[in-house]
2 protein chains.
Amino acid sequence: MSAQATDAPVYVIGHKHPDTDSVCSAIAYAYLRQALGDTRVRPARAGDLNAETGWVLQRFGLPAPERLESAAGRQLILVDHNETAQALDDIRHASVLEVWEHHRIGDLDIPRPIVFHCEPVGATATLIAEQFLLNDVPFSPAIAGGLLAAILSDTLALSSPTTAEKDRQMVRRLAIAAGVDATLVGAELLAARGDLAARSVADLVDSDFKEFDFAGHRVGIAQVEALDVSSLVARRLEALAELARVRERRGLELVLLLVTDIGRKGSHVWSAGDHQAVVDHALGCSAGEDEAWVAGCMSRKKQVVPALEEAFAAL
Amino acid sequence: MSAQATDAPVYVIGHKHPDTDSVCSAIAYAYLRQALGDTRVRPARAGDLNAETGWVLQRFGLPAPERLESAAGRQLILVDHNETAQALDDIRHASVLEVWEHHRIGDLDIPRPIVFHCEPVGATATLIAEQFLLNDVPFSPAIAGGLLAAILSDTLALSSPTTAEKDRQMVRRLAIAAGVDATLVGAELLAARGDLAARSVADLVDSDFKEFDFAGHRVGIAQVEALDVSSLVARRLEALAELARVRERRGLELVLLLVTDIGRKGSHVWSAGDHQAVVDHALGCSAGEDEAWVAGCMSRKKQVVPALEEAFAAL
C-alpha cells in the first residue's frame with residue numbers, strides 16, 4: 001500500500017506525435033488545475049511540434065510545453081490518448097493519475113481507481129473546455145484560442161463525421177472568449193498545415209502516425225488531411241515505398257496511409273505489408289489499386305480503427 | 001463499418017454479484033435517460049438481489065430490475081464494473097455503449113470511442129446523482145432514496161476510507177430530496193444486512209465475491225463488512241474450508257476473504273490457495289495465522305486490489 005508523492009510535479013501530456021488537440025488540451029488542463037490551486041500541474045509534450053501547432057501557439061501567444069523524453073517515475077495526466085503504443089515508451093513505469101480522452105479504450109493497466117473520462121466527441125479540447133465551465137474557471141483569451149484551434153483542427157473545421165453537437169457549442173463559446181472569428185481561424189489553421197507539395201512524403205507519413213494492437217497484430221496508421229491532396233496522390237508510388245520502409249523500421253505487420261480529402265469527403269487508403277485483404281474487406285476498398293478511394297471515410301478513430309479491430313479479431 | 005441498432009432496448013446493468021450500488025445506480029441511470037427522452041433504456045441486474053438491496057428497494061418503493069442471464073447480442077450500459085471477470089460471462093459478445101465506474105480500469109476491449117467515466121469516489125451512485133444535477137433532471141423521492149442508500153452502502157455509512165467529499169455532498173442533497181434522515185437510513189441499511197450469525201458461511205462468502213486477473217493470476221476476493229464480526233471470526237476454520245471449496249469450484253489460484261470490522265476499522269484477511277506469501281507481503285499480514293488482522297484495511301478496491309496487482313506483477 002504505497003504512498004503517493006505529493007509535491008512532485010504532475011505533467012499533463014498528449015501522445016507521441018503531438019497534434020494541436022494534444023498540445024492545447026495539455027496546456028489548458030494544466031492552466032485549469034493551477035487556477036484551482038494545484039500548483040504541481042504543468043503542461044508537457046511527448047514529441048516535436050508540427051507546423052500547424054507551431055502556428056497555433058504563436059497565433060494565440062501560448063508557450064510551447066516542456067518536452068518529456070521519459071515517463072519513468074513521473075506522475076502524468078494523459079490527454080488525447082490512452083493506449084501504450086501511443087504514449088512515451090516507458091509509460092508502464094509512470095504513475096497515471098487521470099485520463100481525458102475521446103478515442104477507444106486502450107490497454108493501459110491502472111491498478112487504482114482514477115479519474116478516467118472518455119466521450120465520443122470530436123476533440124479532447126471540447127472535454128477540457130467543459131471542465132472550465134463545470135468548475136467556474138474563466139478562459140483567458142489565449143487559452144480559449146488554443147482550445148478553439150484544437151477543436152477546429154481535430155474536426156477539420158467542424159466538417160468531420162466525428163463532430164458532436166458539444167464541439168459546435170464549445171466552438172461558439174470559445175470564439176467569443178478568444179475574441180476571434182472561428183471560420184477564419186479554421187481556414188488559417190488548415191492553411192498553416194502547409195502545402196503538401198512542399199513537404200516530403202516521409203514527413204507527411206510521420207507527422208500523424210499512430211500504432212495499434214489489433215488482436216495481437218501490430219498495425220500503424222498514418223493520416224494526412226488536406227483540402228487539396230492532388231500533389232500527394234501524384235506521389236503515390238513514392239508513398240508506398242515510404243510505407244514499406246516505415247513498416248520495416250518499426251517492426252509492424254501492416255502500415256496504412258489515409259489520404260483524406262476534406263473537400264471531397266473521403267480518403268485514399270494505401271497500405272504496405274500483410275493482411276491487405278483484411279483491410280480491403282473491412283473498409284470496402286481495394287488498397288492495392290491506384291485509386292483505393294473510400295467515399296465518406298474521414299475518421300481514423302471512428303471509422304477505420306473499429307472496422308480493423310473487428311476484422312482482425314475475426315481472423 | 002457496421003450500423004448500430006437504434007430501436008433495440010439498452011440495458012443498464014451492474015456486476016454479477018449485485019449490491020445496492022450496482023442495482024440502484026442501474027435503476028437511477030435508466031430513469032435519468034428516460035427522463036431525457038431515450039425510451040430504449042431500462043434497468044437490469046446480472047444476479048440475485050442480496051438481503052440489504054431487497055430491503056432498500058422495498059423501503060423506497062422501487063421495483064427490482066429485470067434479470068439478464070446473457071449479454072450476447074445486447075446493448076449494455078455498464079455501471080459499477082468494467083472488468084470482464086465481473087460481468088455476465090458472454091459480455092464480449094455484447095455491445096457496450098457506456099461505462100459509469102469507480103473501480104480500477106479493467107480489461108474490457110471497446111473498439112469504438114464511448115462514454116467511459118470513472119472517478120475515485122465511494123459509490124457509482126454519486127456519479128449517477130451528479131448526472132441528474134448536470135442534466136437538470138429532478139430526483140423523484142424514490143430515486144433519491146435508492147441513490148442515497150447506494151452511497152451509504154458502498155461507503156459503510158460514510159465511514160470507509162473510499163469516501164470522497166463528493167459522496168458526502170451528494171448524501172446531504174439526496175436525503176433532502178428523499179425526505180429522510182441519512183444517519184437513520186445508514187443504520188437501518190447496515191442492520192438489514194442481517195445478523196452474520198444467522199447466515200451460512202457459504203452465503204457470506206458468495207454474497208460479495210469478485211474475481212480478478214492479476215498479471216495472469218486468477219484470484220477471487222470475497223468481503224463481509226459488519227459492525228460486529230465476532231460470530232464469523234468464531235467460524236474461521238469453517239470459512240477456510242469454504243474458501244478452499246470455492247477456489248476448487250471456480251478454478252482460481254487463490255481465494256481471499258476480507259472480514260471487515262466497521263467499528264474496529266480493519267479487516268481479518270483469510271485465504272486459501274497458492275501465493276499466500278504474496279498476500280502476506282502485499283497487505284502486511286499473516287493470512288495463515290489465527291488473527292490475520294490488518295488494521296486500517298477497509299477497502300478491497302482502493303487498498304487490497306492495488307497492493308495485490310503490484311505484488312503479482314512483481315512475481
# chains A, B, ... in the order shown; residues from 1 in each chain; ligands from 1
call {"tool": "interface_residues", "arguments": {"of": "chain A", "to": "chain B", "cutoff": "9 Å", "atoms": "only C-alpha atoms", "output": "PyMOL selection string"}}
result
chain A and resi 1-2+101-121+134+282-284+301-307+309-310
call {"tool": "residues_around", "arguments": {"residues": "stretch 255-268 of chain A", "least_positions_apart": "5", "cutoff": "6 Å", "atoms": "only C-alpha atoms", "output": "PyMOL selection string"}}
result
chain A and resi 219-227+247+292-298
call {"tool": "atom_distance", "arguments": {"atom1": "atom CA of B:Pro18", "atom2": "atom CA of B:Leu189"}}
result
15.6 Å
call {"tool": "residues_around", "arguments": {"residues": "B:Val79", "least_positions_apart": "3", "cutoff": "8 Å", "atoms": "only C-alpha atoms", "output": "PyMOL selection string"}}
result
chain B and resi 12-15+22+25-26+82+99-101+124
call {"tool": "residues_around", "arguments": {"residues": "B:Gly61", "least_positions_apart": "4", "cutoff": "10 Å", "atoms": "only C-alpha atoms", "output": "PDB file with C-alpha atoms, in the first residue's frame"}}
result
ATOM      1  CA  TRP B  55     -34.688  -4.057   1.925  1.00  0.00           C
ATOM      2  CA  VAL B  56     -33.652  -0.844   0.100  1.00  0.00           C
ATOM      3  CA  LEU B  57     -35.968  -1.452  -2.878  1.00  0.00           C
ATOM      4  CA  PRO B 141     -38.156  10.781  -3.840  1.00  0.00           C
ATOM      5  CA  ALA B 142     -37.834   7.047  -4.638  1.00  0.00           C
ATOM      6  CA  ILE B 143     -34.824   7.529  -6.936  1.00  0.00           C
ATOM      7  CA  GLY B 145     -33.725   7.237  -1.682  1.00  0.00           C
ATOM      8  CA  GLY B 146     -32.192   4.469  -3.796  1.00  0.00           C
TER       9      GLY B 146
END
call {"tool": "select_by_dssp", "arguments": {"residues": "stretch 135-301 of chain A", "states": "strand (DSSP E)", "output": "PyMOL selection string"}}
result
chain A and resi 209-214+217-226+254-261+266-273+293-295
call {"tool": "residues_around", "arguments": {"residues": "B:Leu156", "least_positions_apart": "4", "cutoff": "8 Å", "atoms": "only C-alpha atoms", "output": "list in words"}}
result
Leu152, Ser160, Gly186, Leu190 and Ile262 of chain B
call {"tool": "residues_around", "arguments": {"residues": "A:Gly47", "least_positions_apart": "2", "cutoff": "7 Å", "atoms": "only C-alpha atoms", "output": "MDAnalysis selection string"}}
result
chainID A and resid 16:18 45 49 67
call {"tool": "write_last_selection", "arguments": {"atoms": "N, CA, C and O atoms", "output": "compact mmCIF listing (two decimals), in the first residue's frame"}}
result
# COMPACT_ATOMS: atom_id res chain seq x y z
N LYS A 16 2.58 10.65 -28.66
CA LYS A 16 3.95 10.76 -29.15
C LYS A 16 4.11 11.59 -30.42
O LYS A 16 5.20 12.04 -30.73
N HIS A 17 3.03 11.70 -31.20
CA HIS A 17 3.07 12.54 -32.40
C HIS A 17 2.13 13.70 -32.16
O HIS A 17 1.02 13.73 -32.69
N PRO A 18 2.54 14.66 -31.35
CA PRO A 18 1.62 15.68 -30.84
C PRO A 18 0.94 16.45 -31.96
O PRO A 18 1.59 16.88 -32.90
N ARG A 45 4.85 17.78 -23.54
CA ARG A 45 4.57 17.14 -24.82
C ARG A 45 5.54 16.00 -25.00
O ARG A 45 6.60 15.96 -24.39
N LEU A 49 6.73 19.51 -32.21
CA LEU A 49 5.51 20.20 -32.66
C LEU A 49 5.43 20.15 -34.18
O LEU A 49 6.45 20.29 -34.86
N ARG A 67 9.25 19.47 -23.27
CA ARG A 67 9.24 18.14 -23.87
C ARG A 67 9.77 17.10 -22.89
O ARG A 67 10.85 17.26 -22.35
call {"tool": "closest_residue", "arguments": {"among": "A:Ala28, A:Val269, A:Ala35, A:Ala129", "to": "A:Met170", "atoms": "only C-alpha atoms"}}
result
A:Ala129
call {"tool": "residues_around", "arguments": {"residues": "stretch 235-241 of chain B", "least_positions_apart": "4", "cutoff": "9 Å", "atoms": "only C-alpha atoms", "output": "MDAnalysis selection string"}}
result
chainID B and resid 201:202 205 230:231 245:246 257 270:272 290
call {"tool": "write_last_selection", "arguments": {"atoms": "N, CA, C and O atoms", "output": "PDB file, in the first residue's frame"}}
result
ATOM      1  N   VAL B 201     -21.810 -19.733   6.224  1.00  0.00           N
ATOM      2  CA  VAL B 201     -20.522 -19.247   5.739  1.00  0.00           C
ATOM      3  C   VAL B 201     -20.521 -19.205   4.205  1.00  0.00           C
ATOM      4  O   VAL B 201     -20.006 -18.262   3.594  1.00  0.00           O
ATOM      5  N   ALA B 202     -21.133 -20.203   3.580  1.00  0.00           N
ATOM      6  CA  ALA B 202     -21.179 -20.236   2.109  1.00  0.00           C
ATOM      7  C   ALA B 202     -21.919 -19.017   1.571  1.00  0.00           C
ATOM      8  O   ALA B 202     -21.485 -18.387   0.598  1.00  0.00           O
ATOM      9  N   VAL B 205     -19.686 -15.843   1.989  1.00  0.00           N
ATOM     10  CA  VAL B 205     -18.578 -15.776   1.027  1.00  0.00           C
ATOM     11  C   VAL B 205     -19.102 -15.427  -0.365  1.00  0.00           C
ATOM     12  O   VAL B 205     -18.500 -14.650  -1.113  1.00  0.00           O
ATOM     13  N   SER B 230     -17.831 -10.843  15.188  1.00  0.00           N
ATOM     14  CA  SER B 230     -17.351 -11.894  16.104  1.00  0.00           C
ATOM     15  C   SER B 230     -17.927 -13.278  15.770  1.00  0.00           C
ATOM     16  O   SER B 230     -17.229 -14.281  15.875  1.00  0.00           O
ATOM     17  N   SER B 231     -19.199 -13.299  15.321  1.00  0.00           N
ATOM     18  CA  SER B 231     -19.804 -14.610  15.049  1.00  0.00           C
ATOM     19  C   SER B 231     -19.157 -15.283  13.838  1.00  0.00           C
ATOM     20  O   SER B 231     -19.133 -16.507  13.737  1.00  0.00           O
ATOM     21  N   ARG B 245     -13.142 -24.782  -1.032  1.00  0.00           N
ATOM     22  CA  ARG B 245     -14.153 -25.340  -1.940  1.00  0.00           C
ATOM     23  C   ARG B 245     -14.437 -24.378  -3.096  1.00  0.00           C
ATOM     24  O   ARG B 245     -14.530 -24.779  -4.260  1.00  0.00           O
ATOM     25  N   VAL B 246     -14.585 -23.099  -2.772  1.00  0.00           N
ATOM     26  CA  VAL B 246     -14.882 -22.092  -3.798  1.00  0.00           C
ATOM     27  C   VAL B 246     -13.734 -22.008  -4.808  1.00  0.00           C
ATOM     28  O   VAL B 246     -13.943 -21.939  -6.023  1.00  0.00           O
ATOM     29  N   LEU B 257     -10.779 -13.950   1.759  1.00  0.00           N
ATOM     30  CA  LEU B 257     -11.983 -13.399   2.388  1.00  0.00           C
ATOM     31  C   LEU B 257     -11.544 -12.265   3.310  1.00  0.00           C
ATOM     32  O   LEU B 257     -10.707 -12.460   4.196  1.00  0.00           O
ATOM     33  N   TRP B 270      -8.379 -13.768   5.379  1.00  0.00           N
ATOM     34  CA  TRP B 270      -8.219 -15.227   5.352  1.00  0.00           C
ATOM     35  C   TRP B 270      -8.048 -15.676   3.909  1.00  0.00           C
ATOM     36  O   TRP B 270      -8.656 -15.106   3.001  1.00  0.00           O
ATOM     37  N   SER B 271      -7.269 -16.732   3.700  1.00  0.00           N
ATOM     38  CA  SER B 271      -7.040 -17.129   2.312  1.00  0.00           C
ATOM     39  C   SER B 271      -6.900 -18.636   2.152  1.00  0.00           C
ATOM     40  O   SER B 271      -6.580 -19.351   3.100  1.00  0.00           O
ATOM     41  N   ALA B 272      -7.143 -19.088   0.921  1.00  0.00           N
ATOM     42  CA  ALA B 272      -6.939 -20.489   0.553  1.00  0.00           C
ATOM     43  C   ALA B 272      -6.320 -20.517  -0.828  1.00  0.00           C
ATOM     44  O   ALA B 272      -6.741 -19.773  -1.715  1.00  0.00           O
ATOM     45  N   ASP B 290      -4.145 -17.277  12.970  1.00  0.00           N
ATOM     46  CA  ASP B 290      -5.496 -17.172  13.514  1.00  0.00           C
ATOM     47  C   ASP B 290      -6.109 -15.791  13.324  1.00  0.00           C
ATOM     48  O   ASP B 290      -7.222 -15.647  12.832  1.00  0.00           O
TER      49      ASP B 290
END
call {"tool": "select_by_dssp", "arguments": {"residues": "stretch 78-267 of chain A", "states": "helix (DSSP H, G or I)", "output": "ChimeraX atom specification"}}
result
/A:84-86,91-93,124-134,141-154,165-178,182-192,196-198,201-207,230-233,236-250
call {"tool": "atom_distance", "arguments": {"atom1": "atom CA of B:Asp195", "atom2": "atom CA of B:Asp181"}}
result
23.2 Å
call {"tool": "atom_distance", "arguments": {"atom1": "atom CA of A:Leu254", "atom2": "atom CA of A:Gln86"}}
result
16.3 Å
